[in-house]
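Chemist: Please see the structure below; I have some questions.
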Amino acid sequence: MNTTMISRWLLWGEWRAHWLQFLVALTAIGIGVAMAFSIHLINTAAFNEFSAASKSLSGQSDLQVQSRSGFFDEMLYPRLAGYPEVQLANPVLELDVTVSGKQQNRNDHRLKIIGIDMFRAMAIVPDLLGLPEEGKSLDRVASDTIFLSPAAMEWLQVQQHDHLELHAGLETITLRVAGGLVRARAGQRLAVMDIGAMQWRFQQLGVLSRIELKLDNGVNHAAFKVKLADELGDAFVVTEQTDQEKRIANMSRAYRVNLNMLALVALFTGTFLVFSTQALSVVRRRQQFALLRVLGYTRQQLLRQVVTEGLTLGVFGSVLGLALGYGVAVSAIQLLGGDLGTNFFPGVKPGIYLDPLMALLFFAVGVTVTLLGNVAPALEASRAKPALALRSGSEDMAMAKLSAPWYALVCLAIALLFTQLPPIFELPIFGYLAISLLLIGGIALMPYLTARVFVRLLRFQSDQPGAVGMLAAARLAHAPNQSAIALGGILASFSLMVAMAIMVASFRISIDQWLGQVLPADLYVRTAVSGDQGGFQADAQQQIKTLSSFQRVDLFRTLHLTLDPNRPDITLFARPVDRADPRNTLPMTDDMLMPGTIPEDVMPVWISEAMVDLYGYKTGDRIRLPVGTAPNEFLVAGVWRDYGRQFGAIQMLLTDYQALTGDISVNTVAAWLQSGVTADQAIAALRQLPFGSALEISNSSDMRALSLEIFDRSFAVTYLLEIIAVVIGLMGVAASFSAQILARIKEFGMLRHIGVLRRQVLMLLAMEGGLLTVLGIVLGFLLGWAISLILVFIVNPQSFHWTMAIHMPWPWLVSVAAVLLVSAALTAVLSGRRAVSAQVIRAVREDW
Amino acid sequence: MLELRNITKGYAQGRNVLADLNYTLNAGEYVAVMGESGVGKSTLLNLIAGLDTPDSGEILINGAAISSLDDDAATRLRREQFGFIFQAFHVLPHLTLTQNIALPLLLNGTSTERVEQMLEQVGLQGRGGDFPRQLSGGELQRVAIARALIHWPKLVLADEPTGNLDPDTAHEILQLIRSEIKANSAMGILVTHSHAAAATADRVLQLTKAGLQPVKAGNGA
């Protein structure tokens with residue numbers, strides 16, 4: 001027997017006859033692989049480019065010295081340069097400066113300016129040297145010049161010789177664009193100035209951001225690093241290039257892992273659709289396979305046949321997925337940037353690089369998951385007893401094992417156990433596993449629940465007249481497996497949609513409420529310099545306070561602290577806080593010292609939830625923070641909720657900060673309007689101040705609206721994915737229903753013979769589809785709700801270190817459920833048109 | 001009464017299956033139709049059942065022309081006045097025996113009280129709650145007979161009802177069909193290749209290109 005030829009005939013015949021199912025399975029696998037592959041390509045490209053761009057700023061230095069609290073006195077420079085181990089020390093001042101006319105997008109209005117000493121930088125960061133016009137090499141050290149990378153020039157729409165207006169504190173500075181840079185990475189927005197000129201023009205006299213050190217040959221880097229760190233004390237951190245890389249990796253890790261998990265969930269849905277397609281296809285061909293067995297096909301040959309079908313599907317689907325993924329990655333990078341609009345990798349423009357090895361890996365993943373979805377149907381096909389399988393009506397028996405609820409319950413129990421486990425490497429791995437198990441368990445429970453529910457409905461139905469209702473209920477009650485499998489895809493996609501909708505709604509409402517708490521004032525006024533400089537000096541603060549437009553003015557000093565060189569900086573807010581009851585000022589959690597119990601002899605700080613997870617701080621702890629000339633001790637007085645900074649933030653009293661540091665400048669002024677004064681009037685009054693034109697003034701309601709707009713935009717991709725998942729689910733339902741109708745063609749033929757009208761057959765199909773979808777919606781809702789609990793209470797706190805309350809988006813959920821119900825019923829009817837065709841009547845005479 | 005008047009039916013390839021066919025079946029009459037394969041026996045049944053339309057001629061049941069009915073009306077007529085018995089039983093596997101038999105009553109919106117009685121009549125008393133997978137071939141055909149007769153049809157159409165059964169069971173089933181048709185005072189048309197089966201009818205007709213010709217009187221045994 002030429003089994004290869006038989007195999008080819010069977011394969012081709014099956015796909016030609018059921019091209020829709022083949023297409024659905026192919027699309028499902030293709031989309032799953034495409035998502036996973038494109039996210040990998042985008043993340044890798046963005047991460048590598050961001051990492052390379054960061055490296056390019058520190059060039060060939062061996063070590064870097066930074067203060068834990070932003071800028072530091074430049075007197076450290078001669079001290080470090082004097083170390084015998086140091087071959088060269090390169091002082092650097094780095095500022096993020098606001099550019100006129102670029103404030104529209106809060107996340108993208110800054111220009112990074114690096115101040116360097118040209119002669120020292122030549123040996124460590126030669127790429128950062130400016131390229132002046134020929135014969136004007138002194139422009140490199142001039143006080144009115146700036147050199148821009150090509151991306152910065154393009155962004156600012158300036159060329160060599162043009163003038164550029166920048167804001168420094170309350171003043172406007174005009175600089176001449178003297179040329180480009182020796183080398184900058186594609187898309188890297190960067191400006192370079194002489195360090196002395198920059199200190200002067202940007203009012204940063206005598207301070208530095210970091211000092212880069214190149215060590216003598218033969219010096220043990222690690223040993224010198226430890227020695228230097230010891231000698232410099234707690235106020236400074238000494239880092240190497242690898243520390244920088246870890247820091248960058250830590251910064252975006254949770255984001256990258258979450259995106260990857262989302263892609264895996266899509267691939268999982270695809271796997272399930274493959275299982276569903278293959279299972280139904282095997283059941284439909286049960287009698288054909290039995291005949292082949294009777295004719296002499298061995299079990300192994302049959303197993304090989306079904307596995308070959310899955311393998312071919314996997315190969316085609318994965319190739320399609322890789323091509324699609326590459327296209328999506330290229331388009332997404334061009335349209336949204338490397339961080340898909342989330343600003344995790346600012347200032348870089350990565351290009352997609354197709355690594356053949358990784359493509360091969362994702363191809364293998366696609367083929368493997370397809371085969372996983374194919375295993376159970378293939379085994380069923382090969383194990384079926386031919387004599388039994390030849391009998392009609394045995395189809396549902398084939399999947400009887402699926403109705404046993406015990407393994408579904410085991411999955412659900414393990415999922416429950418996983419929800420209690422802590423994160424691994426600060427990632428909610430068990431949380432994601434619990435979600436997968438919940439989905440598998442929920443879907444596996446579907447046949448059992450279908451049978452239970454519809455047997456009850458059938459009992460109720462038996463008291464009511466009506467053949468169509470009885471037929472629909474009887475079919476669902478006594479042949480639940482095929483129907484339940486058909487609905488599995490929709491159940492998976494709907495439950496994920498419910499879970500995401502609840503999570504996003506909870507997050508959005510929590511953020512909205514939080515914004516109300518953290519933005520209580522009417523107006524927020526900032527100076528146009530970003531970074532850690534305090535833009536408002538005492539006289540400017542006084543001038544704002546004395547304006548008659550405001551009844552109350554609060555001052556904020558914000559800066560960054562480095563507590564762990566391997567982690568991103570934390571944010572320190574020094575501001576007025578109601579010490580007796582911080583709930584009046586901050587969005588506190590329940591974890592706080594009782595109001596009025598803070599001892600007078602200690603400075604309190606209130607930490608964000610991320611500080612608890614990342615640094616292990618607890619309420620009541622006494623901690624040392626690098627605030628002031630030397631680190632000082634503080635009492636953790638409570639934990640507040642912060643949705644703005646996932647790497648940690650601390651609030652302290654402004655008076656304590658000023659007493660410790662002597663720094664009386666502030667960067668933000670929060671102002672409450674006098675009654676009867678409008679926001680426009682107050683803004684006009686602020687603009688009339690001598691420094692009015694340099695102010696960034698935001699209305700709190702605008703800030704809230706903008707924040708929510710950014711939130712919605714960042715979740716737009718999620719909504720799109722949800723819709724795609726549901727559409728694939730519906731396509732799965734259509735394909736499954738078509739297949740079942742084909743298998744039931746004699747049943748419909750008999751019904752038409754005994755007097756069932758065409759529309760009654762269609763009604764029967766609509767009722768079956770509708771009833772099943774109602775059950776799927778109810779179960780999908782419960783499953784989605786359970787998954788949302790994991791997302792809200794496990795995945796979010798473990799990934800981003802913030803907690804929130806559950807909020808149910810009822811109108812959205814009910815609308816989606818209604819649309820799904822109607823779509824599924826219509827899908828059942830549309831795919832059932834064949835059930836009322838003329839051939840159906842003749843089908844009763846075709847005895848195979 | 002069923003009247004076939006000048007029925008002609010051909011197919012696209014130009015093959016005329018039935019040509020100028022005439023026949024009248026009186027109330028309470030049970031006939032067997034025999035004939036070679038491809039002569040048009042199944043086509044004839046489809047035409048009588050209103051599942052297909054003749055190219056010309058008329059089919060009247062109790063004076064009403066079936067061929068002029070639209071699909072819905074023809075379906076309603078089948079539902080109310082016809083009963084079908086197939087070679088392959090076509091019993092729905094996910095319905096119990098009671099539910100399978102009750103289908104025509106439910107479709108007609110009438111009481112299902114008669115189901116138990118029918119089960120008893122076909123020798124399946126007490127098994128109404130069973131599913132078809134628990135039955136043998138002969139038992140399945142009994143269910144099909146009960147379903148075909150439960151609603152007192154005027155005309156029972158049986159297409160090779162014993163083609164899948166062993167001779168003993170086949171004999172038993174044919175007797176059952178006959179007795180049930182007679183007990184219901186229905187007309188019956190049995191299409192078969194088997195002379196033994198045909199012999200259970202009142203009359204045996206041979207379908208040929210010349211039309212329906214009587215072979216011999218059935219013994220009715």
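Ordered as shown in the structure tokens, chains take letters A, B, and onward, while each chain numbers its residues from 1 and ligands are numbered from 1 in the order shown.
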So that each row is one residue of stretch 487-529 of chain A with an atom at most 7 Å from stretch 586-589 of chain A, can you give its shortest atom pair and the distance in Å to one decimal, using only C-alpha atoms, rows by chain and rising number, as CSV?

Modeler:
residue,atom,partner,partner_atom,distance
A:Trp514,CA,A:Pro587,CA,6.7
A:Gln517,CA,A:Pro587,CA,6.1
A:Val518,CA,A:Leu586,CA,6.7

Chemist: Could you list the residues in chain B lying within 7 Å of chain A, using only C-alpha atoms, and format the result as a PyMOL selection string?

Modeler: chain B and resi 72+75-76+78-79+83-84+88+90+92-95+103-104+106-107+109+133

Chemist: Those selected residues, please, written with N, CA and C atoms and delivered as a compact mmCIF listing (two decimals), in the first residue's frame.

Modeler:
# COMPACT_ATOMS: atom_id res chain seq x y z
N ASP B 72 -43.02 25.60 2.31
CA ASP B 72 -43.60 25.59 3.67
C ASP B 72 -44.87 24.74 3.71
N THR B 75 -44.12 21.15 3.38
CA THR B 75 -43.56 20.65 4.65
C THR B 75 -44.68 20.40 5.66
N ARG B 76 -45.60 21.36 5.71
CA ARG B 76 -46.71 21.20 6.66
C ARG B 76 -47.56 19.97 6.32
N ARG B 78 -46.50 17.27 4.81
CA ARG B 78 -45.71 16.08 5.22
C ARG B 78 -45.85 15.86 6.72
N ARG B 79 -45.72 16.97 7.45
CA ARG B 79 -45.76 16.93 8.90
C ARG B 79 -47.07 16.33 9.41
N GLY B 83 -45.98 9.81 6.89
CA GLY B 83 -45.03 9.18 7.81
C GLY B 83 -43.91 8.55 6.99
N PHE B 84 -42.66 8.64 7.46
CA PHE B 84 -41.53 8.12 6.67
C PHE B 84 -40.78 7.05 7.45
N ALA B 88 -31.97 3.47 6.65
CA ALA B 88 -30.93 3.66 7.67
C ALA B 88 -31.50 4.20 8.98
N HIS B 90 -32.41 6.53 10.69
CA HIS B 90 -32.36 7.96 10.98
C HIS B 90 -33.08 8.33 12.26
N LEU B 92 -32.56 10.04 15.88
CA LEU B 92 -31.58 11.00 16.41
C LEU B 92 -30.88 10.43 17.64
N PRO B 93 -29.55 10.35 17.60
CA PRO B 93 -28.83 9.66 18.66
C PRO B 93 -28.88 10.36 20.01
N HIS B 94 -29.10 11.67 19.99
CA HIS B 94 -29.08 12.37 21.28
C HIS B 94 -30.46 12.55 21.89
N LEU B 95 -31.48 11.99 21.24
CA LEU B 95 -32.82 12.02 21.84
C LEU B 95 -33.14 10.63 22.40
N LEU B 103 -41.51 13.34 18.22
CA LEU B 103 -41.19 14.47 17.34
C LEU B 103 -42.36 14.94 16.46
N PRO B 104 -43.01 14.04 15.70
CA PRO B 104 -44.11 14.51 14.82
C PRO B 104 -45.24 15.16 15.62
N LEU B 106 -44.96 16.76 18.45
CA LEU B 106 -44.50 18.08 18.87
C LEU B 106 -44.52 19.06 17.71
N LEU B 107 -44.13 18.55 16.53
CA LEU B 107 -44.13 19.44 15.36
C LEU B 107 -45.56 19.88 15.01
N GLY B 109 -47.85 20.16 17.20
CA GLY B 109 -48.41 20.87 18.36
C GLY B 109 -49.53 20.11 19.03
N ARG B 133 -28.28 4.45 21.02
CA ARG B 133 -27.06 3.64 21.03
C ARG B 133 -27.23 2.34 21.82

Chemist: Would you mind listing what lies within 9 Å of B:Val91 as a list of chain:residue names, with only C-alpha atoms counted and same-chain residues fewer than 5 positions away left out?

Modeler: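 Residues near the query, excluding close chain neighbours: A:Glu747, A:Met750, B:Leu97, B:Asn100, B:Pro132, B:Leu140, B:Gln141, B:Val143, B:Ala144.
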
Chemist: How many Å separate atom CA of B:Gly10 from atom CA of B:Pro153?

Modeler: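 A separation of 29.1 Å between them.
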
Chemist: I'd like the neighbourhood of B:Ala27 as a tab-separated table (two decimals) with N, CA and C atoms, in the first residue's frame, where a residue qualifies if any of its atoms comes within 10 Å (using only C-alpha atoms), though same-chain residues fewer than 4 positions away should be ignored.

Modeler:
chain	number	residue	atom	x	y	z
B	1	MET	N	-57.09	9.63	-0.48
B	1	MET	CA	-56.75	9.04	-1.77
B	1	MET	C	-55.57	9.77	-2.40
B	2	LEU	N	-54.64	9.00	-2.97
B	2	LEU	CA	-53.47	9.61	-3.64
B	2	LEU	C	-53.61	9.38	-5.14
B	62	ASN	N	-55.93	13.52	-1.36
B	62	ASN	CA	-57.30	13.89	-0.96
B	62	ASN	C	-57.76	15.13	-1.73
B	154	LYS	N	-51.89	9.97	6.96
B	154	LYS	CA	-52.76	9.42	5.92
B	154	LYS	C	-51.96	8.52	4.97
B	155	LEU	N	-50.65	8.84	4.86
B	155	LEU	CA	-49.81	8.11	3.91
B	155	LEU	C	-48.46	7.79	4.55
B	185	SER	N	-55.52	2.87	9.53
B	185	SER	CA	-56.31	3.08	8.30
B	185	SER	C	-55.60	4.02	7.35
B	186	ALA	N	-54.27	3.88	7.27
B	186	ALA	CA	-53.47	4.76	6.42
B	186	ALA	C	-53.23	4.11	5.06
B	187	MET	N	-52.80	4.94	4.09
B	187	MET	CA	-52.30	4.38	2.83
B	187	MET	C	-50.83	4.12	3.05
B	188	GLY	N	-50.29	3.14	2.34
B	188	GLY	CA	-48.87	2.85	2.51
B	188	GLY	C	-48.19	2.55	1.19

Chemist: Between B:Ser37, B:Ala73, B:Ala170, B:Val215, which one has atoms that come closest to B:Gly50, using only C-alpha atoms?

Modeler: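 Going through B:Ser37, B:Ala73, B:Ala170, B:Val215 one by one, the smallest distance to B:Gly50 is for B:Ala73.
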
Chemist: Using backbone DSSP assignments, extract all helix (DSSP H, G or I) residues from stretch 51-110 of chain B; output them as a ChimeraX atom specification.

Modeler: /B:71-81,97-108

Chemist: How would you write, as a VMD selection string, the set of residues in chain B that DSSP gives as strand (DSSP E or B)?

Modeler: chain B and resid 2 to 10 16 to 25 30 to 34 56 to 61 64 to 65 82 to 85 155 to 159 187 to 191 203 to 208 211 to 217

Chemist: Report, in Å to a single decimal, how far apart atom CA of A:Thr661 and atom CA of A:Gln537 are.

Modeler: 14.4 Å

Chemist: Can you pull out the residues contacting A:Ser548? Cut-off 9 Å, using only C-alpha atoms, and skip same-chain residues under 4 positions away; I want them as a list in words.

Modeler: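 Residues meeting the cut-off are Ile544, Gln674, Ala682 and Ala685 of chain A.
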
Chemist: In terms of the shortest atom-to-atom distance over only C-alpha atoms, which of A:Val365, A:Val792, A:Ile745, A:Val375 is closest to A:Ala279?

Modeler: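 Distance minimum relative to A:Ala279 lands on A:Val375.
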
Chemist: Do you have the atom CA of A:Arg293-atom CA of A:Ser7 distance handy?

Modeler: 13.4 Å

Chemist: A:Pro356, A:Pro447, A:Gly373, A:Pro405: which is nearest A:Leu772, counting only C-alpha atoms?

Modeler: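 Checking each candidate against A:Leu772, we get A:Pro447 as the closest.
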
Chemist: Any idea what's packed within 12 Å of B:Ser136, counting only C-alpha atoms, ignoring anything in its chain fewer than 6 positions away? Could you give it as a CSV table (one decimal) with C-alpha atoms, in the first residue's frame?

Modeler:
chain,number,residue,atom,x,y,z
A,391,ARG,CA,-21.5,2.9,14.0
B,89,PHE,CA,-33.5,4.3,10.5
B,124,LEU,CA,-40.5,-1.4,23.3
B,130,ASP,CA,-33.2,4.7,26.5
B,142,ARG,CA,-39.2,-0.2,15.4
B,143,VAL,CA,-38.6,3.3,16.8
B,164,ASN,CA,-30.3,-3.2,6.8
B,165,LEU,CA,-31.9,-6.1,8.8
B,166,ASP,CA,-31.5,-9.9,9.0
B,169,THR,CA,-36.0,-9.3,12.0
